[in-house]
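**Q** This one is input-v4.txt, compact mmCIF, C-alpha atoms (C1' of nucleotides).
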# COMPACT_ATOMS: atom_id res chain seq x y z
CA MET A 1 -39.42 -11.51 -17.92
CA GLY A 2 -38.06 -9.47 -15.05
CA ALA A 3 -40.10 -6.48 -16.12
CA THR A 4 -43.10 -5.64 -13.99
CA ASN A 5 -46.44 -6.30 -15.64
CA THR A 6 -47.97 -2.87 -15.07
CA GLU A 7 -50.62 -2.95 -17.79
CA ASN A 8 -52.96 -5.23 -15.96
CA PHE A 9 -53.23 -3.23 -12.78
CA THR A 10 -55.21 -0.11 -12.06
CA ASP A 11 -53.68 3.35 -12.31
CA LYS A 12 -54.07 3.77 -8.60
CA GLN A 13 -52.31 0.51 -7.85
CA ASN A 14 -49.47 1.45 -10.15
CA ALA A 15 -49.25 4.94 -8.68
CA ILE A 16 -48.97 3.67 -5.11
CA ALA A 17 -46.46 1.04 -6.17
CA ILE A 18 -44.25 3.63 -7.85
CA LEU A 19 -44.25 5.83 -4.76
CA ALA A 20 -43.67 2.91 -2.40
CA LYS A 21 -40.93 1.49 -4.55
CA ALA A 22 -39.11 4.82 -4.50
CA LEU A 23 -39.04 4.63 -0.70
CA GLY A 24 -38.01 0.98 -0.80
CA HIS A 25 -34.35 1.67 -0.20
CA PRO A 26 -32.84 2.88 3.08
CA ALA A 27 -30.71 5.49 1.31
CA ARG A 28 -33.82 7.06 -0.14
CA VAL A 29 -35.56 7.00 3.24
CA ALA A 30 -32.45 8.64 4.67
CA ILE A 31 -32.62 11.35 2.02
CA ILE A 32 -36.22 12.10 2.97
CA ASP A 33 -35.21 12.15 6.64
CA TYR A 34 -32.49 14.64 5.86
CA LEU A 35 -34.74 16.88 3.78
CA LEU A 36 -37.21 16.95 6.65
CA LYS A 37 -34.55 17.68 9.24
CA THR A 38 -32.92 20.62 7.51
CA ASP A 39 -34.72 23.91 7.53
CA THR A 40 -33.18 25.26 4.41
CA CYS A 41 -33.00 22.88 1.55
CA ILE A 42 -29.79 23.72 -0.23
CA CYS A 43 -28.95 20.12 -0.30
CA GLY A 44 -25.51 19.70 -1.75
CA ASP A 45 -24.42 18.04 1.44
CA ILE A 46 -26.70 15.03 1.14
CA VAL A 47 -23.69 13.24 -0.26
CA ASN A 48 -21.75 13.93 2.94
CA GLU A 49 -24.62 12.63 5.02
CA LEU A 50 -24.91 9.30 3.28
CA PRO A 51 -22.52 6.35 3.36
CA LEU A 52 -22.49 6.15 -0.41
CA ALA A 53 -20.44 7.59 -3.25
CA GLN A 54 -21.62 10.71 -5.03
CA PRO A 55 -22.79 9.00 -8.23
CA THR A 56 -24.83 6.56 -6.19
CA VAL A 57 -26.49 9.36 -4.24
CA SER A 58 -27.19 11.17 -7.48
CA GLN A 59 -28.87 8.05 -8.80
CA HIS A 60 -31.05 7.71 -5.72
CA LEU A 61 -32.02 11.37 -5.99
CA LYS A 62 -32.98 10.79 -9.59
CA GLU A 63 -35.22 7.91 -8.63
CA LEU A 64 -36.95 9.95 -5.96
CA LYS A 65 -37.42 12.71 -8.52
CA ASN A 66 -38.77 10.35 -11.17
CA ALA A 67 -41.28 9.01 -8.68
CA GLY A 68 -42.37 12.57 -7.90
CA ILE A 69 -41.31 12.44 -4.27
CA ILE A 70 -38.76 15.21 -4.48
CA LYS A 71 -38.17 18.09 -6.85
CA GLY A 72 -34.97 19.96 -7.54
CA SER A 73 -34.40 23.51 -8.62
CA ILE A 74 -31.08 24.93 -9.73
CA GLU A 75 -29.64 27.33 -7.21
CA GLY A 76 -26.60 28.79 -8.90
CA ASN A 77 -23.96 26.14 -8.84
CA ALA A 78 -25.73 23.76 -6.50
CA ILE A 79 -29.19 22.24 -6.64
CA CYS A 80 -31.94 22.69 -4.12
CA TYR A 81 -33.78 19.43 -3.58
CA CYS A 82 -37.09 19.48 -1.76
CA ILE A 83 -39.84 17.11 -0.81
CA ASP A 84 -42.86 17.25 -3.08
CA GLU A 85 -45.69 17.42 -0.59
CA LYS A 86 -48.32 16.15 -2.99
CA ALA A 87 -46.68 12.73 -3.30
CA LEU A 88 -46.35 12.27 0.42
CA GLU A 89 -49.88 13.42 1.02
CA LYS A 90 -51.01 10.78 -1.45
CA LEU A 91 -49.15 8.13 0.49
CA GLN A 92 -50.43 9.41 3.80
CA ALA A 93 -54.00 9.35 2.52
CA TYR A 94 -53.51 5.82 1.24
CA PHE A 95 -52.29 4.47 4.56
CA VAL A 96 -54.81 6.41 6.62
CA GLY A 97 -57.50 4.91 4.39
CA ILE A 98 -56.17 1.43 4.96
CA SER A 99 -56.00 1.90 8.71
CA SER A 100 -59.54 3.11 8.93
CA LYS A 101 -60.73 0.19 6.83
CA LEU A 102 -58.86 -2.15 9.13
CA ASN A 103 -60.42 -0.54 12.19
CA ALA A 104 -63.84 -0.92 10.62
CA LYS A 105 -63.44 -4.67 10.30
CA LYS A 106 -61.72 -5.09 13.65
CA SER A 107 -60.21 -8.49 13.21
CA ASN A 108 -62.73 -11.08 12.11
CA CYS A 109 -59.46 -12.44 10.82
CA CYS A 110 -56.56 -14.71 11.69
CA MET B 111 -22.54 -4.68 -5.92
CA GLY B 112 -26.22 -5.01 -6.63
CA ALA B 113 -26.85 -5.74 -2.99
CA THR B 114 -28.28 -2.97 -0.87
CA ASN B 115 -25.88 -1.51 1.68
CA THR B 116 -28.12 -1.86 4.73
CA GLU B 117 -25.45 -1.77 7.42
CA ASN B 118 -24.84 1.94 7.23
CA PHE B 119 -28.42 3.05 7.73
CA THR B 120 -30.46 3.20 10.89
CA ASP B 121 -32.79 0.41 11.92
CA LYS B 122 -35.74 2.69 11.41
CA GLN B 123 -34.65 3.62 7.91
CA ASN B 124 -34.17 -0.03 7.03
CA ALA B 125 -37.51 -0.97 8.57
CA ILE B 126 -39.42 1.62 6.56
CA ALA B 127 -37.55 0.67 3.41
CA ILE B 128 -38.44 -2.99 3.84
CA LEU B 129 -42.13 -2.20 4.27
CA ALA B 130 -42.17 0.29 1.40
CA LYS B 131 -40.31 -2.06 -0.89
CA ALA B 132 -42.84 -4.78 -0.23
CA LEU B 133 -45.55 -2.43 -1.50
CA GLY B 134 -43.42 -1.37 -4.43
CA HIS B 135 -45.14 -3.64 -6.92
CA PRO B 136 -48.67 -3.21 -8.24
CA ALA B 137 -49.49 -6.88 -7.73
CA ARG B 138 -48.72 -6.57 -4.06
CA VAL B 139 -50.77 -3.38 -3.79
CA ALA B 140 -53.58 -5.26 -5.50
CA ILE B 141 -53.28 -8.08 -2.99
CA ILE B 142 -53.64 -5.61 -0.12
CA ASP B 143 -56.63 -4.03 -1.91
CA TYR B 144 -58.24 -7.42 -2.18
CA LEU B 145 -57.59 -8.35 1.42
CA LEU B 146 -59.21 -5.09 2.48
CA LYS B 147 -62.20 -5.54 0.22
CA THR B 148 -63.16 -9.03 1.29
CA ASP B 149 -64.81 -9.45 4.62
CA THR B 150 -63.71 -12.98 5.19
CA CYS B 151 -60.16 -13.71 4.37
CA ILE B 152 -60.13 -17.21 3.01
CA CYS B 153 -58.02 -16.04 0.20
CA GLY B 154 -57.42 -18.88 -2.17
CA ASP B 155 -58.95 -16.82 -4.91
CA ILE B 156 -56.31 -14.12 -4.93
CA VAL B 157 -54.83 -15.97 -7.86
CA ASN B 158 -58.07 -15.58 -9.81
CA GLU B 159 -58.14 -11.87 -9.04
CA LEU B 160 -54.67 -11.14 -10.33
CA PRO B 161 -53.39 -11.16 -13.91
CA LEU B 162 -50.49 -13.37 -12.96
CA ALA B 163 -49.77 -17.08 -12.81
CA GLN B 164 -50.17 -18.94 -9.54
CA PRO B 165 -46.44 -19.35 -8.78
CA THR B 166 -45.94 -15.62 -9.32
CA VAL B 167 -48.76 -14.77 -6.95
CA SER B 168 -47.36 -17.19 -4.40
CA GLN B 169 -44.01 -15.45 -4.67
CA HIS B 170 -45.58 -12.02 -4.13
CA LEU B 171 -47.48 -13.33 -1.11
CA LYS B 172 -44.23 -14.65 0.28
CA GLU B 173 -42.60 -11.25 -0.06
CA LEU B 174 -45.48 -9.53 1.68
CA LYS B 175 -45.22 -12.13 4.42
CA ASN B 176 -41.45 -11.73 4.78
CA ALA B 177 -41.90 -7.99 5.11
CA GLY B 178 -44.47 -8.58 7.84
CA ILE B 179 -47.32 -6.97 5.94
CA ILE B 180 -49.50 -10.05 5.78
CA LYS B 181 -49.71 -13.27 7.74
CA GLY B 182 -51.13 -16.61 6.71
CA SER B 183 -52.71 -19.36 8.71
CA ILE B 184 -53.54 -22.80 7.41
CA GLU B 185 -57.27 -23.31 7.00
CA GLY B 186 -57.63 -26.98 6.11
CA ASN B 187 -56.62 -27.28 2.50
CA ALA B 188 -56.41 -23.58 1.76
CA ILE B 189 -54.53 -20.79 3.49
CA CYS B 190 -56.06 -17.73 5.08
CA TYR B 191 -53.97 -14.68 4.35
CA CYS B 192 -54.60 -11.52 6.32
CA ILE B 193 -53.17 -8.06 6.68
CA ASP B 194 -50.91 -7.61 9.66
CA GLU B 195 -52.21 -4.39 11.15
CA LYS B 196 -49.02 -3.59 13.02
CA ALA B 197 -47.00 -3.14 9.84
CA LEU B 198 -49.55 -0.86 8.25
CA GLU B 199 -49.92 1.19 11.39
CA LYS B 200 -46.16 1.67 11.34
CA LEU B 201 -46.36 2.96 7.78
CA GLN B 202 -49.32 5.15 8.57
CA ALA B 203 -47.51 6.66 11.55
CA TYR B 204 -44.46 7.29 9.42
CA PHE B 205 -46.35 9.19 6.74
CA VAL B 206 -48.53 11.09 9.17
CA GLY B 207 -45.33 12.15 10.91
CA ILE B 208 -43.85 13.35 7.65
CA SER B 209 -46.98 15.27 6.73
CA SER B 210 -47.09 17.07 10.05
CA LYS B 211 -43.42 17.97 9.75
CA LEU B 212 -44.09 19.32 6.28
CA ASN B 213 -47.01 21.39 7.53
CA ALA B 214 -44.82 22.76 10.30
CA LYS B 215 -42.30 24.12 7.80
CA LYS B 216 -44.93 25.28 5.34
CA SER B 217 -42.82 25.73 2.24
CA ASN B 218 -39.81 27.90 2.86
CA CYS B 219 -38.75 25.75 -0.02
CA CYS B 220 -38.65 25.54 -3.78
C1' DT C 221 -9.01 31.82 -19.49
C1' DT C 222 -8.13 28.43 -16.04
C1' DA C 223 -9.20 26.33 -12.00
C1' DT C 224 -12.63 24.84 -8.69
C1' DT C 225 -17.01 23.15 -7.10
C1' DA C 226 -21.36 20.69 -7.56
C1' DT C 227 -24.00 17.51 -9.88
C1' DA C 228 -25.02 14.26 -13.67
C1' DT C 229 -23.96 10.59 -16.88
C1' DT C 230 -21.59 6.53 -18.66
C1' DG C 231 -20.04 1.98 -18.32
C1' DC C 232 -19.68 -1.96 -15.92
C1' DA C 233 -19.89 -5.83 -12.44
C1' DA C 234 -22.56 -8.00 -8.84
C1' DT C 235 -26.86 -9.04 -7.29
C1' DA C 236 -31.99 -8.86 -7.03
C1' DT C 237 -36.53 -9.02 -8.98
C1' DT C 238 -40.16 -10.61 -11.96
C1' DA C 239 -42.50 -14.12 -14.24
C1' DC C 240 -43.73 -18.71 -15.45
C1' DG C 241 -43.68 -23.86 -16.53
C1' DA C 242 -42.89 -27.96 -14.23
C1' DT C 243 -43.22 -30.26 -10.21
C1' DA C 244 -43.74 -31.21 -5.27
C1' DA C 245 -46.30 -31.33 -0.88
C1' DA C 246 -50.33 -31.76 1.84
C1' DG C 247 -55.01 -31.87 2.96
C1' DA C 248 -59.77 -33.10 1.08
C1' DT C 249 -62.73 -36.06 -1.39
C1' DA C 250 -64.32 -39.99 -3.99
C1' DT D 251 -56.10 -45.94 -2.15
C1' DA D 252 -56.45 -42.80 -5.98
C1' DT D 253 -57.58 -38.33 -7.30
C1' DC D 254 -58.46 -33.59 -6.85
C1' DT D 255 -57.51 -29.03 -4.97
C1' DT D 256 -54.59 -25.68 -3.10
C1' DT D 257 -50.33 -23.73 -2.28
C1' DA D 258 -45.23 -23.86 -2.37
C1' DT D 259 -40.82 -24.64 -4.45
C1' DC D 260 -37.42 -25.35 -8.18
C1' DG D 261 -35.24 -24.01 -12.22
C1' DT D 262 -34.53 -20.69 -15.48
C1' DA D 263 -34.74 -16.58 -18.58
C1' DA D 264 -35.34 -11.68 -18.93
C1' DT D 265 -34.85 -7.50 -16.84
C1' DA D 266 -33.95 -4.19 -13.00
C1' DT D 267 -31.34 -2.42 -9.20
C1' DT D 268 -27.29 -1.20 -6.61
C1' DG D 269 -22.86 0.73 -6.37
C1' DC D 270 -18.75 2.88 -7.91
C1' DA D 271 -14.75 4.70 -10.81
C1' DA D 272 -14.16 7.53 -14.52
C1' DT D 273 -15.71 11.18 -16.93
C1' DA D 274 -18.76 14.90 -18.47
C1' DT D 275 -21.27 19.17 -17.68
C1' DA D 276 -22.18 23.61 -15.90
C1' DA D 277 -21.80 27.39 -12.91
C1' DT D 278 -18.60 29.99 -10.04
C1' DA D 279 -14.10 31.85 -8.55
C1' DA D 280 -9.46 33.14 -9.29
Let me see whether you can do it: turn the structure in this file into structure tokens.
**A**
Amino acid sequence: MGATNTENFTDKQNAIAILAKALGHPARVAIIDYLLKTDTCICGDIVNELPLAQPTVSQHLKELKNAGIIKGSIEGNAICYCIDEKALEKLQAYFVGISSKLNAKKSNCC
Amino acid sequence: MGATNTENFTDKQNAIAILAKALGHPARVAIIDYLLKTDTCICGDIVNELPLAQPTVSQHLKELKNAGIIKGSIEGNAICYCIDEKALEKLQAYFVGISSKLNAKKSNCC
DNA sequence: TTATTATATTGCAATATTACGATAAAGATA
DNA sequence: TATCTTTATCGTAATATTGCAATATAATAA
């Protein structure tokens, strides 16, 4: 064991979990923060922004990319990393949906 | 190594990461789904809903509780687990904020 | 061609997560 | 009291994650 039992959950549950997991590390949240802050997105300097070694940053970028949260396109020597809006819209929709469901019940709860 | 380097990130980044990480497993997403679906929240039957053994479910509930996403109150023999609205509102606000920032830039990006 | 620069990959050690059987703890019921 | 029900904890095995030094790769610059 140690591997997540994905088979027995719905596609939607797995999809949300993959996105959430990708944001489940402060370095990856910091990367998103940085991508939002900068106007251009030639992002070679993410490494300089983060308190982590270059290979570690590269690994975090890879995880964000695998989850579909960012995408990278080669820009000559460097790589231009950008937020993939679709993924974040999916997350936004998910949490907005939850909030409205919670407002609908309005605490008949603990 | 193996431990996350939390010290060098902002409180906000760590806070979001903790919440996101807690939702980074399909079982925990499924638990939230179930808590939203049921009107009452006497939730002893979460175990029956999930394709996991009881100790595993208990562990996932504990992680959601530690992250502040759910709270549990003793209800006689059983325990009433409920969503903690504050945590989910924080997540919702975070993603709504991101989406509006993304709309403001409107793809001068890859 | 030979640097130089930017990013990725490999290999590895430390730690965390996932999952479950066995068992404990605590209230409810007979 | 004895038993049942519900949930938590312990112990443990399998796997994943985190982080970095060393190295590889690939484009650019000299």
**Q** Using all atoms listed in the file, pick whichever of B:Gly178, B:Gly154, B:Gly186, B:Pro161 has the shortest atom-to-atom distance to chain A.
**A**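 Between B:Gly178, B:Gly154, B:Gly186, B:Pro161, the residue approaching chain A most closely is B:Pro161.
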**Q** Set out as JSON lines a contact list for chain A and chain D with a cut-off of 12 Å, giving each residue of chain A that qualifies its closest atom pair and distance in Å to one decimal, counting all atoms listed in the file, ordered by chain and rising residue number.
**A**
{"residue": "A:Met1", "atom": "CA", "partner": "D:DA264", "partner_atom": "C1'", "distance": 4.2}
{"residue": "A:Gly2", "atom": "CA", "partner": "D:DT265", "partner_atom": "C1'", "distance": 4.2}
{"residue": "A:Ala3", "atom": "CA", "partner": "D:DT265", "partner_atom": "C1'", "distance": 5.4}
{"residue": "A:Thr4", "atom": "CA", "partner": "D:DT265", "partner_atom": "C1'", "distance": 8.9}
{"residue": "A:Asn5", "atom": "CA", "partner": "D:DT265", "partner_atom": "C1'", "distance": 11.7}
{"residue": "A:Lys21", "atom": "CA", "partner": "D:DT267", "partner_atom": "C1'", "distance": 11.4}
{"residue": "A:Ala22", "atom": "CA", "partner": "D:DT267", "partner_atom": "C1'", "distance": 11.6}
{"residue": "A:Gly24", "atom": "CA", "partner": "D:DT267", "partner_atom": "C1'", "distance": 11.3}
{"residue": "A:His25", "atom": "CA", "partner": "D:DT268", "partner_atom": "C1'", "distance": 10.0}
{"residue": "A:Pro26", "atom": "CA", "partner": "D:DT268", "partner_atom": "C1'", "distance": 11.9}
{"residue": "A:Ala27", "atom": "CA", "partner": "D:DT268", "partner_atom": "C1'", "distance": 10.9}
{"residue": "A:Pro51", "atom": "CA", "partner": "D:DG269", "partner_atom": "C1'", "distance": 11.2}
{"residue": "A:Leu52", "atom": "CA", "partner": "D:DG269", "partner_atom": "C1'", "distance": 8.1}
{"residue": "A:Ala53", "atom": "CA", "partner": "D:DC270", "partner_atom": "C1'", "distance": 6.8}
{"residue": "A:Gln54", "atom": "CA", "partner": "D:DC270", "partner_atom": "C1'", "distance": 8.8}
{"residue": "A:Pro55", "atom": "CA", "partner": "D:DC270", "partner_atom": "C1'", "distance": 7.3}
{"residue": "A:Thr56", "atom": "CA", "partner": "D:DG269", "partner_atom": "C1'", "distance": 6.2}
{"residue": "A:Val57", "atom": "CA", "partner": "D:DG269", "partner_atom": "C1'", "distance": 9.6}
{"residue": "A:Ser58", "atom": "CA", "partner": "D:DG269", "partner_atom": "C1'", "distance": 11.4}
{"residue": "A:Gln59", "atom": "CA", "partner": "D:DT268", "partner_atom": "C1'", "distance": 9.6}
{"residue": "A:His60", "atom": "CA", "partner": "D:DT268", "partner_atom": "C1'", "distance": 9.7}
{"residue": "A:Glu63", "atom": "CA", "partner": "D:DT267", "partner_atom": "C1'", "distance": 11.0}
{"residue": "A:Ile74", "atom": "CA", "partner": "D:DA277", "partner_atom": "C1'", "distance": 10.1}
{"residue": "A:Glu75", "atom": "CA", "partner": "D:DA277", "partner_atom": "C1'", "distance": 9.7}
{"residue": "A:Gly76", "atom": "CA", "partner": "D:DA277", "partner_atom": "C1'", "distance": 6.4}
{"residue": "A:Asn77", "atom": "CA", "partner": "D:DA277", "partner_atom": "C1'", "distance": 4.8}
{"residue": "A:Ala78", "atom": "CA", "partner": "D:DA277", "partner_atom": "C1'", "distance": 8.3}
{"residue": "A:Ile79", "atom": "CA", "partner": "D:DA277", "partner_atom": "C1'", "distance": 11.0}
**Q** Output the contact residues of chain C with respect to chain A at a cut-off of 7 Å, based on only C-alpha atoms (C1' of nucleotides), as a list in words.
**A** DA226, DT237, DT238 and DA239 of chain C
**Q** Give the superposed chain A as a tab-separated table (two decimals) with C-alpha atoms, keeping the file's coordinate frame, the fit being least squares on chain B over all ordered C-alpha pairs.
**A**
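Saved result, part-v8.tsv, follows:
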chain	number	residue	atom	x	y	z
A	1	MET	CA	-22.52	-4.79	-6.03
A	2	GLY	CA	-26.25	-4.89	-6.63
A	3	ALA	CA	-26.88	-5.71	-3.00
A	4	THR	CA	-28.31	-2.94	-0.88
A	5	ASN	CA	-25.91	-1.52	1.68
A	6	THR	CA	-28.15	-1.87	4.72
A	7	GLU	CA	-25.48	-1.82	7.43
A	8	ASN	CA	-24.87	1.87	7.26
A	9	PHE	CA	-28.43	3.00	7.76
A	10	THR	CA	-30.48	3.17	10.91
A	11	ASP	CA	-32.83	0.37	11.93
A	12	LYS	CA	-35.76	2.67	11.41
A	13	GLN	CA	-34.65	3.60	7.92
A	14	ASN	CA	-34.19	-0.04	7.04
A	15	ALA	CA	-37.53	-0.98	8.56
A	16	ILE	CA	-39.44	1.62	6.56
A	17	ALA	CA	-37.56	0.68	3.41
A	18	ILE	CA	-38.45	-2.99	3.81
A	19	LEU	CA	-42.13	-2.19	4.25
A	20	ALA	CA	-42.17	0.30	1.38
A	21	LYS	CA	-40.30	-2.04	-0.90
A	22	ALA	CA	-42.85	-4.77	-0.25
A	23	LEU	CA	-45.57	-2.42	-1.51
A	24	GLY	CA	-43.42	-1.36	-4.45
A	25	HIS	CA	-45.13	-3.63	-6.93
A	26	PRO	CA	-48.67	-3.18	-8.26
A	27	ALA	CA	-49.49	-6.86	-7.76
A	28	ARG	CA	-48.70	-6.55	-4.08
A	29	VAL	CA	-50.77	-3.37	-3.79
A	30	ALA	CA	-53.58	-5.26	-5.53
A	31	ILE	CA	-53.29	-8.07	-3.00
A	32	ILE	CA	-53.65	-5.60	-0.14
A	33	ASP	CA	-56.63	-4.03	-1.92
A	34	TYR	CA	-58.24	-7.42	-2.21
A	35	LEU	CA	-57.60	-8.36	1.41
A	36	LEU	CA	-59.21	-5.10	2.46
A	37	LYS	CA	-62.20	-5.55	0.18
A	38	THR	CA	-63.14	-9.06	1.25
A	39	ASP	CA	-64.83	-9.51	4.57
A	40	THR	CA	-63.72	-13.03	5.13
A	41	CYS	CA	-60.13	-13.72	4.38
A	42	ILE	CA	-60.07	-17.23	3.02
A	43	CYS	CA	-57.94	-16.05	0.24
A	44	GLY	CA	-57.38	-18.89	-2.15
A	45	ASP	CA	-58.94	-16.84	-4.88
A	46	ILE	CA	-56.30	-14.12	-4.92
A	47	VAL	CA	-54.82	-16.00	-7.84
A	48	ASN	CA	-58.07	-15.61	-9.78
A	49	GLU	CA	-58.13	-11.91	-9.03
A	50	LEU	CA	-54.68	-11.17	-10.33
A	51	PRO	CA	-53.41	-11.19	-13.91
A	52	LEU	CA	-50.50	-13.40	-12.97
A	53	ALA	CA	-49.77	-17.11	-12.81
A	54	GLN	CA	-50.15	-18.96	-9.54
A	55	PRO	CA	-46.44	-19.34	-8.78
A	56	THR	CA	-45.94	-15.63	-9.32
A	57	VAL	CA	-48.78	-14.76	-6.96
A	58	SER	CA	-47.36	-17.17	-4.41
A	59	GLN	CA	-44.03	-15.40	-4.67
A	60	HIS	CA	-45.61	-11.99	-4.14
A	61	LEU	CA	-47.50	-13.32	-1.13
A	62	LYS	CA	-44.24	-14.62	0.27
A	63	GLU	CA	-42.63	-11.23	-0.09
A	64	LEU	CA	-45.50	-9.51	1.66
A	65	LYS	CA	-45.24	-12.11	4.42
A	66	ASN	CA	-41.48	-11.72	4.76
A	67	ALA	CA	-41.91	-7.98	5.10
A	68	GLY	CA	-44.49	-8.55	7.83
A	69	ILE	CA	-47.34	-6.95	5.92
A	70	ILE	CA	-49.51	-10.03	5.76
A	71	LYS	CA	-49.71	-13.23	7.75
A	72	GLY	CA	-51.10	-16.57	6.70
A	73	SER	CA	-52.68	-19.31	8.73
A	74	ILE	CA	-53.50	-22.77	7.44
A	75	GLU	CA	-57.21	-23.31	7.09
A	76	GLY	CA	-57.57	-26.96	6.20
A	77	ASN	CA	-56.54	-27.29	2.62
A	78	ALA	CA	-56.37	-23.61	1.83
A	79	ILE	CA	-54.52	-20.77	3.52
A	80	CYS	CA	-56.05	-17.73	5.11
A	81	TYR	CA	-53.98	-14.66	4.35
A	82	CYS	CA	-54.60	-11.50	6.32
A	83	ILE	CA	-53.19	-8.04	6.66
A	84	ASP	CA	-50.91	-7.59	9.64
A	85	GLU	CA	-52.22	-4.38	11.13
A	86	LYS	CA	-49.04	-3.56	13.01
A	87	ALA	CA	-47.02	-3.12	9.81
A	88	LEU	CA	-49.56	-0.85	8.22
A	89	GLU	CA	-49.93	1.18	11.36
A	90	LYS	CA	-46.18	1.67	11.32
A	91	LEU	CA	-46.36	2.97	7.78
A	92	GLN	CA	-49.34	5.16	8.55
A	93	ALA	CA	-47.54	6.66	11.54
A	94	TYR	CA	-44.47	7.29	9.41
A	95	PHE	CA	-46.36	9.19	6.73
A	96	VAL	CA	-48.54	11.08	9.18
A	97	GLY	CA	-45.33	12.15	10.92
A	98	ILE	CA	-43.85	13.35	7.66
A	99	SER	CA	-46.97	15.29	6.74
A	100	SER	CA	-47.09	17.06	10.04
A	101	LYS	CA	-43.42	17.96	9.76
A	102	LEU	CA	-44.07	19.31	6.30
A	103	ASN	CA	-47.00	21.37	7.55
A	104	ALA	CA	-44.82	22.75	10.31
A	105	LYS	CA	-42.31	24.13	7.84
A	106	LYS	CA	-44.91	25.28	5.35
A	107	SER	CA	-42.78	25.72	2.30
A	108	ASN	CA	-39.76	27.89	2.92
A	109	CYS	CA	-38.69	25.71	0.04
A	110	CYS	CA	-38.56	25.52	-3.74
**Q** Please identify every residue of chain A that has at least one atom no more than 9 Å from any atom of chain B, counting only C-alpha atoms, and report them as a ChimeraX atom specification.
**A** /A:4-6,8-10,12-30,33,36-37,39-41,50-52,71-73,80-83,85,88-89,91-96,98-99,101-102,105,108-110
**Q** Work out where the centre of an axis-aligned box around every listed atom of region 199-212 of chain B lies and how long its edges are once 6 Å is added on each side; give both in Å to one decimal as AutoDock Vina command-line options.
**A**
--center_x -46.7 --center_y 10.3 --center_z 8.9 --size_x 18.5 --size_y 30.1 --size_z 17.3
**Q** So how many Å separate CA of Lys65 (chain A) and CA of Val47 (chain A), to one decimal?
**A**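 Separating CA of Lys65 (chain A) from CA of Val47 (chain A) is a distance of 16.0 Å.
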**Q** For CA of Tyr34 (chain A) and CA of Asn48 (chain A), determine how far apart the two atoms are, in Å to one decimal place.
**A**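 Computing the Euclidean distance for CA of Tyr34 (chain A) and CA of Asn48 (chain A) yields 11.2 Å.
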**Q** Rounded to one decimal place, report the C1' of DT230 (chain C)-CA of Asn66 (chain A) distance in Å.
**A**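 Pair C1' of DT230 (chain C) / CA of Asn66 (chain A) returns 19.1 Å.
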